[in-house]
$ cat model05.tsv   # TSV, N, CA and C atoms
chain	number	residue	atom	x	y	z
I	23	MET	N	0.83	-1.19	0.00
I	23	MET	CA	0.00	0.00	0.00
I	23	MET	C	0.87	1.25	0.00
I	24	GLN	N	1.94	1.23	0.76
I	24	GLN	CA	2.81	2.38	0.86
I	24	GLN	C	3.47	2.69	-0.48
I	25	LYS	N	3.81	1.66	-1.22
I	25	LYS	CA	4.46	1.84	-2.50
I	25	LYS	C	3.55	2.58	-3.48
I	26	SER	N	2.26	2.21	-3.52
I	26	SER	CA	1.34	2.87	-4.45
I	26	SER	C	1.10	4.32	-4.05
I	27	ASN	N	1.13	4.64	-2.75
I	27	ASN	CA	0.98	6.03	-2.31
I	27	ASN	C	2.15	6.87	-2.79
I	28	ARG	N	3.35	6.31	-2.72
I	28	ARG	CA	4.53	7.01	-3.21
I	28	ARG	C	4.42	7.28	-4.70
I	29	SER	N	3.95	6.29	-5.42
I	29	SER	CA	3.78	6.42	-6.86
I	29	SER	C	2.75	7.48	-7.19
I	30	ALA	N	1.64	7.51	-6.46
I	30	ALA	CA	0.59	8.51	-6.69
I	30	ALA	C	1.12	9.92	-6.39
I	31	ARG	N	1.89	10.05	-5.33
I	31	ARG	CA	2.46	11.35	-4.99
I	31	ARG	C	3.44	11.82	-6.06
I	32	ARG	N	4.24	10.90	-6.57
I	32	ARG	CA	5.20	11.24	-7.62
I	32	ARG	C	4.45	11.72	-8.86
I	33	ASN	N	3.34	11.05	-9.20
I	33	ASN	CA	2.54	11.47	-10.35
I	33	ASN	C	1.92	12.84	-10.12
I	34	MET	N	1.53	13.13	-8.90
I	34	MET	CA	0.95	14.43	-8.59
I	34	MET	C	2.01	15.53	-8.75
I	35	LYS	N	3.23	15.24	-8.34
I	35	LYS	CA	4.31	16.22	-8.47
I	35	LYS	C	4.61	16.49	-9.93
I	36	ASN	N	4.62	15.44	-10.73
I	36	ASN	CA	4.94	15.59	-12.15
I	36	ASN	C	3.80	16.23	-12.93
I	37	GLY	N	2.61	16.23	-12.39
I	37	GLY	CA	1.49	16.83	-13.08
I	37	GLY	C	0.80	15.86	-14.01
I	38	ASN	N	1.45	15.47	-15.07
I	38	ASN	CA	0.84	14.57	-16.04
I	38	ASN	C	1.52	13.20	-16.02
I	39	GLY	N	1.62	12.61	-14.89
I	39	GLY	CA	2.27	11.31	-14.74
I	39	GLY	C	1.62	10.22	-15.55
I	40	ALA	N	0.30	10.23	-15.62
I	40	ALA	CA	-0.41	9.20	-16.38
I	40	ALA	C	-0.07	9.29	-17.87
I	41	ALA	N	0.02	10.50	-18.39
I	41	ALA	CA	0.34	10.68	-19.81
I	41	ALA	C	1.75	10.17	-20.10
I	42	LYS	N	2.67	10.42	-19.17
I	42	LYS	CA	4.04	9.93	-19.35
I	42	LYS	C	4.08	8.41	-19.32
I	43	ASP	N	3.28	7.80	-18.45
I	43	ASP	CA	3.23	6.34	-18.37
I	43	ASP	C	2.69	5.76	-19.67
I	44	ASP	N	1.64	6.38	-20.22
I	44	ASP	CA	1.06	5.89	-21.47
I	44	ASP	C	2.05	6.00	-22.62
I	45	ALA	N	2.78	7.10	-22.67
I	45	ALA	CA	3.78	7.28	-23.72
I	45	ALA	C	4.90	6.24	-23.58
I	46	ALA	N	5.30	5.95	-22.34
I	46	ALA	CA	6.33	4.94	-22.10
I	46	ALA	C	5.84	3.56	-22.50
I	47	LYS	N	4.57	3.27	-22.20
I	47	LYS	CA	4.00	1.98	-22.60
I	47	LYS	C	3.97	1.86	-24.12
I	48	LEU	N	3.51	2.91	-24.78
I	48	LEU	CA	3.44	2.87	-26.24
I	48	LEU	C	4.82	2.69	-26.85
I	49	LYS	N	5.79	3.39	-26.30
I	49	LYS	CA	7.17	3.27	-26.79
I	49	LYS	C	7.67	1.83	-26.63
I	50	ALA	N	7.31	1.20	-25.51
I	50	ALA	CA	7.71	-0.19	-25.27
I	50	ALA	C	7.02	-1.12	-26.27
I	51	TYR	N	5.72	-0.93	-26.51
I	51	TYR	CA	5.00	-1.78	-27.47
I	51	TYR	C	5.56	-1.62	-28.88
I	52	LEU	N	5.89	-0.40	-29.25
I	52	LEU	CA	6.49	-0.18	-30.57
I	52	LEU	C	7.87	-0.84	-30.65
I	53	GLY	N	8.62	-0.78	-29.56
I	53	GLY	CA	9.92	-1.44	-29.52
I	53	GLY	C	9.80	-2.95	-29.65
I	54	PHE	N	8.82	-3.55	-28.96
I	54	PHE	CA	8.58	-4.99	-29.10
I	54	PHE	C	8.24	-5.33	-30.54
I	55	SER	N	7.42	-4.50	-31.16
I	55	SER	CA	7.02	-4.73	-32.55
I	55	SER	C	8.22	-4.66	-33.49
I	56	LEU	N	9.09	-3.70	-33.26
I	56	LEU	CA	10.30	-3.58	-34.09
I	56	LEU	C	11.18	-4.81	-33.96
I	57	ARG	N	11.41	-5.22	-32.71
I	57	ARG	CA	12.29	-6.37	-32.48
I	57	ARG	C	11.71	-7.67	-33.04
I	58	SER	N	10.39	-7.79	-33.02
I	58	SER	CA	9.77	-9.03	-33.50
I	58	SER	C	9.47	-8.98	-35.00
I	59	GLY	N	9.68	-7.83	-35.62
I	59	GLY	CA	9.42	-7.70	-37.05
I	59	GLY	C	7.93	-7.62	-37.38
I	60	LYS	N	7.13	-7.26	-36.42
I	60	LYS	CA	5.67	-7.18	-36.60
I	60	LYS	C	5.20	-5.75	-36.81
I	61	ILE	N	6.02	-4.94	-37.48
I	61	ILE	CA	5.67	-3.55	-37.73
I	61	ILE	C	6.11	-3.18	-39.14
I	62	VAL	N	5.31	-2.34	-39.79
I	62	VAL	CA	5.63	-1.84	-41.12
I	62	VAL	C	5.84	-0.34	-40.97
I	63	LEU	N	6.96	0.17	-41.47
I	63	LEU	CA	7.29	1.58	-41.33
I	63	LEU	C	7.17	2.31	-42.66
I	64	GLY	N	6.57	3.48	-42.64
I	64	GLY	CA	6.44	4.31	-43.83
I	64	GLY	C	5.10	4.15	-44.53
I	65	ALA	N	4.57	5.27	-45.00
I	65	ALA	CA	3.26	5.28	-45.65
I	65	ALA	C	3.22	4.41	-46.90
I	66	ASP	N	4.29	4.44	-47.71
I	66	ASP	CA	4.32	3.66	-48.94
I	66	ASP	C	4.28	2.16	-48.65
I	67	LYS	N	5.09	1.72	-47.69
I	67	LYS	CA	5.12	0.30	-47.33
I	67	LYS	C	3.78	-0.15	-46.74
I	68	ILE	N	3.17	0.70	-45.93
I	68	ILE	CA	1.87	0.36	-45.33
I	68	ILE	C	0.83	0.22	-46.44
I	69	ALA	N	0.85	1.15	-47.40
I	69	ALA	CA	-0.10	1.10	-48.51
I	69	ALA	C	0.10	-0.16	-49.35
I	70	GLU	N	1.34	-0.61	-49.49
I	70	GLU	CA	1.64	-1.84	-50.24
I	70	GLU	C	1.20	-3.07	-49.46
I	71	THR	N	1.44	-3.08	-48.16
I	71	THR	CA	1.19	-4.25	-47.32
I	71	THR	C	-0.30	-4.48	-47.11
I	72	ARG	N	-0.97	-3.50	-46.56
I	72	ARG	CA	-2.41	-3.52	-46.27
I	72	ARG	C	-2.88	-4.78	-45.56
I	73	ARG	N	-2.56	-5.94	-46.09
I	73	ARG	CA	-3.04	-7.20	-45.52
I	73	ARG	C	-2.32	-7.50	-44.20
I	74	GLY	N	-3.09	-7.85	-43.20
I	74	GLY	CA	-2.52	-8.20	-41.91
I	74	GLY	C	-2.23	-7.03	-41.01
I	75	VAL	N	-2.54	-5.82	-41.46
I	75	VAL	CA	-2.30	-4.63	-40.65
I	75	VAL	C	-3.43	-4.51	-39.62
I	76	ARG	N	-3.06	-4.31	-38.36
I	76	ARG	CA	-4.04	-4.26	-37.26
I	76	ARG	C	-4.26	-2.85	-36.71
I	77	LEU	N	-3.23	-2.00	-36.77
I	77	LEU	CA	-3.31	-0.65	-36.22
I	77	LEU	C	-2.34	0.23	-36.99
I	78	ILE	N	-2.81	1.41	-37.41
I	78	ILE	CA	-1.95	2.34	-38.14
I	78	ILE	C	-1.81	3.62	-37.31
I	79	LEU	N	-0.58	4.05	-37.15
I	79	LEU	CA	-0.25	5.27	-36.41
I	79	LEU	C	0.51	6.20	-37.35
I	80	ALA	N	0.18	7.49	-37.31
I	80	ALA	CA	0.86	8.44	-38.21
I	80	ALA	C	0.94	9.81	-37.57
I	81	ASP	N	1.90	10.61	-38.06
I	81	ASP	CA	2.01	12.01	-37.64
I	81	ASP	C	0.85	12.79	-38.23
I	82	SER	N	0.34	13.74	-37.48
I	82	SER	CA	-0.77	14.54	-37.98
I	82	SER	C	-0.34	15.52	-39.07
I	83	ASP	N	0.96	15.80	-39.18
I	83	ASP	CA	1.44	16.75	-40.19
I	83	ASP	C	1.91	16.07	-41.48
I	84	MET	N	1.44	14.86	-41.72
I	84	MET	CA	1.79	14.14	-42.96
I	84	MET	C	1.17	14.85	-44.15
I	85	GLY	N	1.73	14.62	-45.31
I	85	GLY	CA	1.19	15.19	-46.53
I	85	GLY	C	-0.18	14.61	-46.86
I	86	LYS	N	-0.97	15.35	-47.62
I	86	LYS	CA	-2.33	14.93	-47.96
I	86	LYS	C	-2.35	13.62	-48.74
I	87	THR	N	-1.42	13.46	-49.68
I	87	THR	CA	-1.38	12.24	-50.50
I	87	THR	C	-1.06	11.02	-49.66
I	88	ALA	N	-0.07	11.14	-48.80
I	88	ALA	CA	0.32	10.02	-47.93
I	88	ALA	C	-0.82	9.67	-46.97
I	89	LEU	N	-1.46	10.69	-46.43
I	89	LEU	CA	-2.57	10.46	-45.51
I	89	LEU	C	-3.75	9.78	-46.23
I	90	LYS	N	-3.96	10.16	-47.46
I	90	LYS	CA	-5.01	9.55	-48.28
I	90	LYS	C	-4.72	8.06	-48.49
I	91	ARG	N	-3.44	7.73	-48.77
I	91	ARG	CA	-3.05	6.33	-48.95
I	91	ARG	C	-3.20	5.54	-47.66
I	92	LEU	N	-2.86	6.16	-46.53
I	92	LEU	CA	-3.01	5.49	-45.24
I	92	LEU	C	-4.48	5.25	-44.92
I	93	LYS	N	-5.33	6.21	-45.23
I	93	LYS	CA	-6.77	6.06	-45.01
I	93	LYS	C	-7.31	4.91	-45.85
I	94	ALA	N	-6.87	4.82	-47.10
I	94	ALA	CA	-7.30	3.73	-47.98
I	94	ALA	C	-6.83	2.38	-47.43
I	95	ALA	N	-5.60	2.33	-46.93
I	95	ALA	CA	-5.06	1.11	-46.34
I	95	ALA	C	-5.84	0.73	-45.09
I	96	ALA	N	-6.19	1.72	-44.28
I	96	ALA	CA	-6.97	1.48	-43.06
I	96	ALA	C	-8.36	0.95	-43.41
I	97	ASP	N	-8.98	1.55	-44.41
I	97	ASP	CA	-10.31	1.11	-44.83
I	97	ASP	C	-10.27	-0.32	-45.38
I	98	GLU	N	-9.26	-0.61	-46.19
I	98	GLU	CA	-9.16	-1.94	-46.80
I	98	GLU	C	-8.85	-3.03	-45.76
I	99	SER	N	-7.97	-2.71	-44.82
I	99	SER	CA	-7.58	-3.71	-43.82
I	99	SER	C	-8.54	-3.74	-42.63
I	100	GLY	N	-9.34	-2.69	-42.47
I	100	GLY	CA	-10.26	-2.61	-41.32
I	100	GLY	C	-9.56	-2.18	-40.03
I	101	ALA	N	-8.35	-1.65	-40.17
I	101	ALA	CA	-7.57	-1.22	-39.00
I	101	ALA	C	-7.88	0.23	-38.66
I	102	PRO	N	-7.86	0.57	-37.37
I	102	PRO	CA	-8.02	1.98	-37.00
I	102	PRO	C	-6.76	2.78	-37.35
I	103	LEU	N	-6.96	4.05	-37.69
I	103	LEU	CA	-5.86	4.95	-38.01
I	103	LEU	C	-5.89	6.10	-37.02
I	104	TYR	N	-4.80	6.27	-36.27
I	104	TYR	CA	-4.67	7.34	-35.30
I	104	TYR	C	-3.60	8.32	-35.75
I	105	LEU	N	-3.87	9.61	-35.57
I	105	LEU	CA	-2.90	10.65	-35.89
I	105	LEU	C	-2.32	11.21	-34.60
I	106	TYR	N	-1.01	11.42	-34.62
I	106	TYR	CA	-0.27	11.87	-33.44
I	106	TYR	C	0.13	13.33	-33.59
I	107	ASP	N	-0.17	14.13	-32.58
I	107	ASP	CA	0.22	15.54	-32.56
I	107	ASP	C	1.63	15.67	-31.99
I	108	GLY	N	2.56	15.06	-32.64
I	108	GLY	CA	3.96	15.06	-32.22
I	108	GLY	C	4.78	14.34	-33.27
I	109	ARG	N	5.87	13.78	-32.88
I	109	ARG	CA	6.76	13.07	-33.81
I	109	ARG	C	6.74	11.58	-33.48
I	110	LEU	N	6.09	10.81	-34.33
I	110	LEU	CA	6.03	9.36	-34.14
I	110	LEU	C	7.43	8.75	-34.15
I	111	GLY	N	8.30	9.29	-34.98
I	111	GLY	CA	9.67	8.80	-35.07
I	111	GLY	C	10.41	8.84	-33.75
I	112	GLU	N	10.08	9.80	-32.91
I	112	GLU	CA	10.72	9.89	-31.59
I	112	GLU	C	10.30	8.73	-30.70
I	113	LEU	N	9.05	8.30	-30.82
I	113	LEU	CA	8.59	7.16	-30.03
I	113	LEU	C	9.25	5.86	-30.49
I	114	LEU	N	9.59	5.81	-31.78
I	114	LEU	CA	10.24	4.63	-32.35
I	114	LEU	C	11.76	4.70	-32.27
I	115	SER	N	12.29	5.86	-31.90
I	115	SER	CA	13.73	6.12	-31.91
I	115	SER	C	14.30	6.06	-33.33
I	116	ILE	N	13.44	6.35	-34.32
I	116	ILE	CA	13.84	6.46	-35.72
I	116	ILE	C	13.22	7.76	-36.23
I	117	PRO	N	13.95	8.87	-36.13
I	117	PRO	CA	13.37	10.20	-36.38
I	117	PRO	C	12.66	10.39	-37.72
I	118	ALA	N	13.07	9.73	-38.77
I	118	ALA	CA	12.49	9.96	-40.09
I	118	ALA	C	11.12	9.31	-40.29
I	119	VAL	N	10.71	8.44	-39.40
I	119	VAL	CA	9.45	7.71	-39.57
I	119	VAL	C	8.26	8.59	-39.23
I	120	LYS	N	7.29	8.64	-40.16
I	120	LYS	CA	6.07	9.42	-39.94
I	120	LYS	C	4.83	8.53	-39.88
I	121	ALA	N	4.97	7.26	-40.22
I	121	ALA	CA	3.83	6.34	-40.17
I	121	ALA	C	4.33	4.94	-39.83
I	122	ALA	N	3.51	4.22	-39.06
I	122	ALA	CA	3.84	2.85	-38.68
I	122	ALA	C	2.55	2.05	-38.56
I	123	ALA	N	2.63	0.78	-38.91
I	123	ALA	CA	1.47	-0.11	-38.81
I	123	ALA	C	1.89	-1.36	-38.06
I	124	LEU	N	1.13	-1.71	-37.04
I	124	LEU	CA	1.41	-2.91	-36.26
I	124	LEU	C	0.64	-4.08	-36.86
I	125	LYS	N	1.30	-5.23	-36.94
I	125	LYS	CA	0.69	-6.41	-37.54
I	125	LYS	C	0.27	-7.46	-36.52
I	126	ASP	N	0.81	-7.40	-35.32
I	126	ASP	CA	0.47	-8.36	-34.28
I	126	ASP	C	-0.79	-7.90	-33.54
I	127	LYS	N	-1.77	-8.78	-33.45
I	127	LYS	CA	-3.07	-8.42	-32.87
I	127	LYS	C	-2.95	-7.99	-31.41
I	128	ASN	N	-2.21	-8.75	-30.60
I	128	ASN	CA	-2.08	-8.44	-29.18
I	128	ASN	C	-1.32	-7.15	-28.93
I	129	LEU	N	-0.22	-6.94	-29.66
I	129	LEU	CA	0.54	-5.70	-29.51
I	129	LEU	C	-0.30	-4.51	-30.00
I	130	ALA	N	-1.07	-4.71	-31.05
I	130	ALA	CA	-1.92	-3.63	-31.56
I	130	ALA	C	-2.99	-3.24	-30.55
I	131	LYS	N	-3.59	-4.23	-29.89
I	131	LYS	CA	-4.60	-3.93	-28.87
I	131	LYS	C	-3.98	-3.17	-27.70
I	132	ALA	N	-2.82	-3.62	-27.26
I	132	ALA	CA	-2.13	-2.97	-26.15
I	132	ALA	C	-1.73	-1.54	-26.54
I	133	ALA	N	-1.20	-1.38	-27.74
I	133	ALA	CA	-0.79	-0.05	-28.21
I	133	ALA	C	-2.00	0.87	-28.34
I	134	GLU	N	-3.11	0.34	-28.83
I	134	GLU	CA	-4.31	1.17	-28.97
I	134	GLU	C	-4.81	1.64	-27.60
I	135	GLY	N	-4.67	0.79	-26.59
I	135	GLY	CA	-5.04	1.19	-25.23
I	135	GLY	C	-4.22	2.36	-24.75
I	136	ALA	N	-2.92	2.33	-25.02
I	136	ALA	CA	-2.04	3.44	-24.64
I	136	ALA	C	-2.34	4.68	-25.46
I	137	VAL	N	-2.66	4.49	-26.73
I	137	VAL	CA	-2.99	5.61	-27.61
I	137	VAL	C	-4.28	6.29	-27.16
I	138	CYS	N	-5.29	5.49	-26.86
I	138	CYS	CA	-6.59	6.04	-26.43
I	138	CYS	C	-6.47	6.81	-25.13
I	139	ALA	N	-5.55	6.41	-24.27
I	139	ALA	CA	-5.35	7.10	-23.00
I	139	ALA	C	-4.54	8.38	-23.15
I	140	GLY	N	-3.83	8.52	-24.26
I	140	GLY	CA	-2.98	9.68	-24.47
I	140	GLY	C	-3.76	10.87	-25.00
I	141	GLU	N	-3.27	12.06	-24.69
I	141	GLU	CA	-3.93	13.30	-25.10
I	141	GLU	C	-3.55	13.73	-26.52
I	142	LYS	N	-2.41	13.29	-27.00
I	142	LYS	CA	-1.90	13.77	-28.28
I	142	LYS	C	-2.36	12.94	-29.47
I	143	TRP	N	-3.27	12.03	-29.27
I	143	TRP	CA	-3.73	11.14	-30.34
I	143	TRP	C	-5.17	11.45	-30.73
I	144	ASN	N	-5.45	11.38	-32.02
I	144	ASN	CA	-6.80	11.59	-32.54
I	144	ASN	C	-7.15	10.46	-33.49
I	145	LEU	N	-8.34	9.91	-33.32
I	145	LEU	CA	-8.81	8.85	-34.22
I	145	LEU	C	-9.18	9.49	-35.54
I	146	TYR	N	-8.58	9.02	-36.63
I	146	TYR	CA	-8.85	9.57	-37.95
I	146	TYR	C	-9.78	8.66	-38.73
I	147	SER	N	-9.60	7.35	-38.59
I	147	SER	CA	-10.42	6.39	-39.30
I	147	SER	C	-10.66	5.19	-38.38
I	148	GLU	N	-11.94	4.86	-38.18
I	148	GLU	CA	-12.27	3.76	-37.29
I	148	GLU	C	-12.02	2.42	-37.94
I	149	GLY	N	-11.84	1.43	-37.10
I	149	GLY	CA	-11.63	0.06	-37.54
I	149	GLY	C	-11.52	-0.83	-36.33
I	150	GLU	N	-11.43	-2.12	-36.57
I	150	GLU	CA	-11.28	-3.09	-35.48
I	150	GLU	C	-9.95	-3.77	-35.59
I	151	ILE	N	-9.36	-4.02	-34.43
I	151	ILE	CA	-8.09	-4.74	-34.40
I	151	ILE	C	-8.40	-6.19	-34.45

$ encode --input "model05.tsv" --output "structure tokens"
Amino acid sequence: MQKSNRSARRNMKNGNGAAKDDAAKLKAYLGFSLRSGKIVLGADKIAETRRGVRLILADSDMGKTALKRLKAAADESGAPLYLYDGRLGELLSIPAVKAAALKDKNLAKAAEGAVCAGEKWNLYSEGEI
């Protein structure tokens, strides 16, 4: 009990402790996906793959054409598409990446939970994992 009180106090001091936890969780899920090879990086690759895609994440400042291709891929695969008000590449530790698609169902569900809890994410296209 004492340990959880300390944790709650630390979160109160930090202000947005829950948001930081969600970002850390998402970063971990993306890292697991990278290591297991269950992630597709880049709008062009996602548009080519489409099949087996469970969750699509992208920067909100992507170009209109790339976003249109991602929306088409999301519609075809039935995967949800979330836009990030930040740099997705920073979460992946690959700065140039603006779009990523998770292929593993369990990792996609876990990542979507962290995304839904975060303030910087907006649902662009609905779908089911």

$ atom_distance --input "model05.tsv" --atom1 "CA of Leu77 (chain I)" --atom2 "atom N of Leu103 (chain I)"
6.1 Å

$ closest_residue --input "model05.tsv" --among "I:Ala95, I:Ala123, I:Ile116, I:Leu48" --to "Lys60 (chain I)" --atoms "all atoms listed in the file"
I:Ala123

$ atom_distance --input "model05.tsv" --atom1 "CA of Asp107 (chain I)" --atom2 "atom C of Cys138 (chain I)"
13.3 Å

$ atom_distance --input "model05.tsv" --atom1 "CA of Tyr51 (chain I)" --atom2 "atom C of Lys86 (chain I)"
27.3 Å

$ select_by_dssp --input "model05.tsv" --residues "chain I" --states "strand (DSSP E)" --output "list in words"
Ile61, Val62, Leu63, Leu77, Ile78, Leu79, Ala80, Asp81, Leu103, Tyr104, Leu105, Tyr106, Ala121, Ala122, Ala123, Leu124, Trp143, Asn144, Leu145, Tyr146 and Ser147 of chain I

$ write_last_selection --input "model05.tsv" --atoms "N, CA and C atoms" --output "mmCIF file, in the coordinates of the input"
data_model
loop_
_atom_site.group_PDB
_atom_site.id
_atom_site.type_symbol
_atom_site.label_atom_id
_atom_site.label_comp_id
_atom_site.auth_asym_id
_atom_site.auth_seq_id
_atom_site.Cartn_x
_atom_site.Cartn_y
_atom_site.Cartn_z
ATOM 1 N N ILE I 61 6.020 -4.940 -37.480
ATOM 2 C CA ILE I 61 5.670 -3.550 -37.730
ATOM 3 C C ILE I 61 6.110 -3.180 -39.140
ATOM 4 N N VAL I 62 5.310 -2.340 -39.790
ATOM 5 C CA VAL I 62 5.630 -1.840 -41.120
ATOM 6 C C VAL I 62 5.840 -0.340 -40.970
ATOM 7 N N LEU I 63 6.960 0.170 -41.470
ATOM 8 C CA LEU I 63 7.290 1.580 -41.330
ATOM 9 C C LEU I 63 7.170 2.310 -42.660
ATOM 10 N N LEU I 77 -3.230 -2.000 -36.770
ATOM 11 C CA LEU I 77 -3.310 -0.650 -36.220
ATOM 12 C C LEU I 77 -2.340 0.230 -36.990
ATOM 13 N N ILE I 78 -2.810 1.410 -37.410
ATOM 14 C CA ILE I 78 -1.950 2.340 -38.140
ATOM 15 C C ILE I 78 -1.810 3.620 -37.310
ATOM 16 N N LEU I 79 -0.580 4.050 -37.150
ATOM 17 C CA LEU I 79 -0.250 5.270 -36.410
ATOM 18 C C LEU I 79 0.510 6.200 -37.350
ATOM 19 N N ALA I 80 0.180 7.490 -37.310
ATOM 20 C CA ALA I 80 0.860 8.440 -38.210
ATOM 21 C C ALA I 80 0.940 9.810 -37.570
ATOM 22 N N ASP I 81 1.900 10.610 -38.060
ATOM 23 C CA ASP I 81 2.010 12.010 -37.640
ATOM 24 C C ASP I 81 0.850 12.790 -38.230
ATOM 25 N N LEU I 103 -6.960 4.050 -37.690
ATOM 26 C CA LEU I 103 -5.860 4.950 -38.010
ATOM 27 C C LEU I 103 -5.890 6.100 -37.020
ATOM 28 N N TYR I 104 -4.800 6.270 -36.270
ATOM 29 C CA TYR I 104 -4.670 7.340 -35.300
ATOM 30 C C TYR I 104 -3.600 8.320 -35.750
ATOM 31 N N LEU I 105 -3.870 9.610 -35.570
ATOM 32 C CA LEU I 105 -2.900 10.650 -35.890
ATOM 33 C C LEU I 105 -2.320 11.210 -34.600
ATOM 34 N N TYR I 106 -1.010 11.420 -34.620
ATOM 35 C CA TYR I 106 -0.270 11.870 -33.440
ATOM 36 C C TYR I 106 0.130 13.330 -33.590
ATOM 37 N N ALA I 121 4.970 7.260 -40.220
ATOM 38 C CA ALA I 121 3.830 6.340 -40.170
ATOM 39 C C ALA I 121 4.330 4.940 -39.830
ATOM 40 N N ALA I 122 3.510 4.220 -39.060
ATOM 41 C CA ALA I 122 3.840 2.850 -38.680
ATOM 42 C C ALA I 122 2.550 2.050 -38.560
ATOM 43 N N ALA I 123 2.630 0.780 -38.910
ATOM 44 C CA ALA I 123 1.470 -0.110 -38.810
ATOM 45 C C ALA I 123 1.890 -1.360 -38.060
ATOM 46 N N LEU I 124 1.130 -1.710 -37.040
ATOM 47 C CA LEU I 124 1.410 -2.910 -36.260
ATOM 48 C C LEU I 124 0.640 -4.080 -36.860
ATOM 49 N N TRP I 143 -3.270 12.030 -29.270
ATOM 50 C CA TRP I 143 -3.730 11.140 -30.340
ATOM 51 C C TRP I 143 -5.170 11.450 -30.730
ATOM 52 N N ASN I 144 -5.450 11.380 -32.020
ATOM 53 C CA ASN I 144 -6.800 11.590 -32.540
ATOM 54 C C ASN I 144 -7.150 10.460 -33.490
ATOM 55 N N LEU I 145 -8.340 9.910 -33.320
ATOM 56 C CA LEU I 145 -8.810 8.850 -34.220
ATOM 57 C C LEU I 145 -9.180 9.490 -35.540
ATOM 58 N N TYR I 146 -8.580 9.020 -36.630
ATOM 59 C CA TYR I 146 -8.850 9.570 -37.950
ATOM 60 C C TYR I 146 -9.780 8.660 -38.730
ATOM 61 N N SER I 147 -9.600 7.350 -38.590
ATOM 62 C CA SER I 147 -10.420 6.390 -39.300
ATOM 63 C C SER I 147 -10.660 5.190 -38.380
#

$ closest_residue --input "model05.tsv" --among "I:Met84, I:Leu52, I:Leu105, I:Ala45" --to "Trp143 (chain I)" --atoms "only N, CA and C atoms"
I:Leu105

$ residues_around --input "model05.tsv" --residues "Ala96 (chain I)" --least-positions-apart "5" --cutoff "8 Å" --atoms "only N, CA and C atoms" --output "PDB file with N, CA and C atoms, in the frame of the given file"
ATOM      1  N   ILE I  68       3.170   0.700 -45.930  1.00  0.00           N
ATOM      2  CA  ILE I  68       1.870   0.360 -45.330  1.00  0.00           C
ATOM      3  C   ILE I  68       0.830   0.220 -46.440  1.00  0.00           C
ATOM      4  N   ALA I  69       0.850   1.150 -47.400  1.00  0.00           N
ATOM      5  CA  ALA I  69      -0.100   1.100 -48.510  1.00  0.00           C
ATOM      6  C   ALA I  69       0.100  -0.160 -49.350  1.00  0.00           C
ATOM      7  N   ARG I  72      -0.970  -3.500 -46.560  1.00  0.00           N
ATOM      8  CA  ARG I  72      -2.410  -3.520 -46.270  1.00  0.00           C
ATOM      9  C   ARG I  72      -2.880  -4.780 -45.560  1.00  0.00           C
ATOM     10  N   VAL I  75      -2.540  -5.820 -41.460  1.00  0.00           N
ATOM     11  CA  VAL I  75      -2.300  -4.630 -40.650  1.00  0.00           C
ATOM     12  C   VAL I  75      -3.430  -4.510 -39.620  1.00  0.00           C
ATOM     13  N   LEU I  77      -3.230  -2.000 -36.770  1.00  0.00           N
ATOM     14  CA  LEU I  77      -3.310  -0.650 -36.220  1.00  0.00           C
ATOM     15  C   LEU I  77      -2.340   0.230 -36.990  1.00  0.00           C
ATOM     16  N   ILE I  78      -2.810   1.410 -37.410  1.00  0.00           N
ATOM     17  CA  ILE I  78      -1.950   2.340 -38.140  1.00  0.00           C
ATOM     18  C   ILE I  78      -1.810   3.620 -37.310  1.00  0.00           C
ATOM     19  N   LYS I  90      -3.960  10.160 -47.460  1.00  0.00           N
ATOM     20  CA  LYS I  90      -5.010   9.550 -48.280  1.00  0.00           C
ATOM     21  C   LYS I  90      -4.720   8.060 -48.490  1.00  0.00           C
ATOM     22  N   ARG I  91      -3.440   7.730 -48.770  1.00  0.00           N
ATOM     23  CA  ARG I  91      -3.050   6.330 -48.950  1.00  0.00           C
ATOM     24  C   ARG I  91      -3.200   5.540 -47.660  1.00  0.00           C
ATOM     25  N   ALA I 101      -8.350  -1.650 -40.170  1.00  0.00           N
ATOM     26  CA  ALA I 101      -7.570  -1.220 -39.000  1.00  0.00           C
ATOM     27  C   ALA I 101      -7.880   0.230 -38.660  1.00  0.00           C
ATOM     28  N   PRO I 102      -7.860   0.570 -37.370  1.00  0.00           N
ATOM     29  CA  PRO I 102      -8.020   1.980 -37.000  1.00  0.00           C
ATOM     30  C   PRO I 102      -6.760   2.780 -37.350  1.00  0.00           C
ATOM     31  N   LEU I 103      -6.960   4.050 -37.690  1.00  0.00           N
ATOM     32  CA  LEU I 103      -5.860   4.950 -38.010  1.00  0.00           C
ATOM     33  C   LEU I 103      -5.890   6.100 -37.020  1.00  0.00           C
ATOM     34  N   SER I 147      -9.600   7.350 -38.590  1.00  0.00           N
ATOM     35  CA  SER I 147     -10.420   6.390 -39.300  1.00  0.00           C
ATOM     36  C   SER I 147     -10.660   5.190 -38.380  1.00  0.00           C
ATOM     37  N   GLU I 148     -11.940   4.860 -38.180  1.00  0.00           N
ATOM     38  CA  GLU I 148     -12.270   3.760 -37.290  1.00  0.00           C
ATOM     39  C   GLU I 148     -12.020   2.420 -37.940  1.00  0.00           C
ATOM     40  N   GLY I 149     -11.840   1.430 -37.100  1.00  0.00           N
ATOM     41  CA  GLY I 149     -11.630   0.060 -37.540  1.00  0.00           C
ATOM     42  C   GLY I 149     -11.520  -0.830 -36.330  1.00  0.00           C
TER      43      GLY I 149
END

$ residues_around --input "model05.tsv" --residues "Asp81 (chain I)" --least-positions-apart "6" --cutoff "7 Å" --atoms "only N, CA and C atoms" --output "count of residues only"
11

$ closest_residue --input "model05.tsv" --among "I:Leu114, I:Ala94, I:Arg76, I:Ser99" --to "Lys131 (chain I)" --atoms "only N, CA and C atoms"
I:Arg76

$ select_by_dssp --input "model05.tsv" --residues "region 30-89 of chain I" --states "helix (DSSP H, G or I)" --output "VMD selection string"
chain I and resid 30 to 36 39 to 58 65 to 71 86 to 89

$ residues_around --input "model05.tsv" --residues "Ile61 (chain I)" --least-positions-apart "2" --cutoff "6.5 Å" --atoms "all atoms listed in the file" --output "PyMOL selection string"
chain I and resi 55-56+58-59+63+122-126
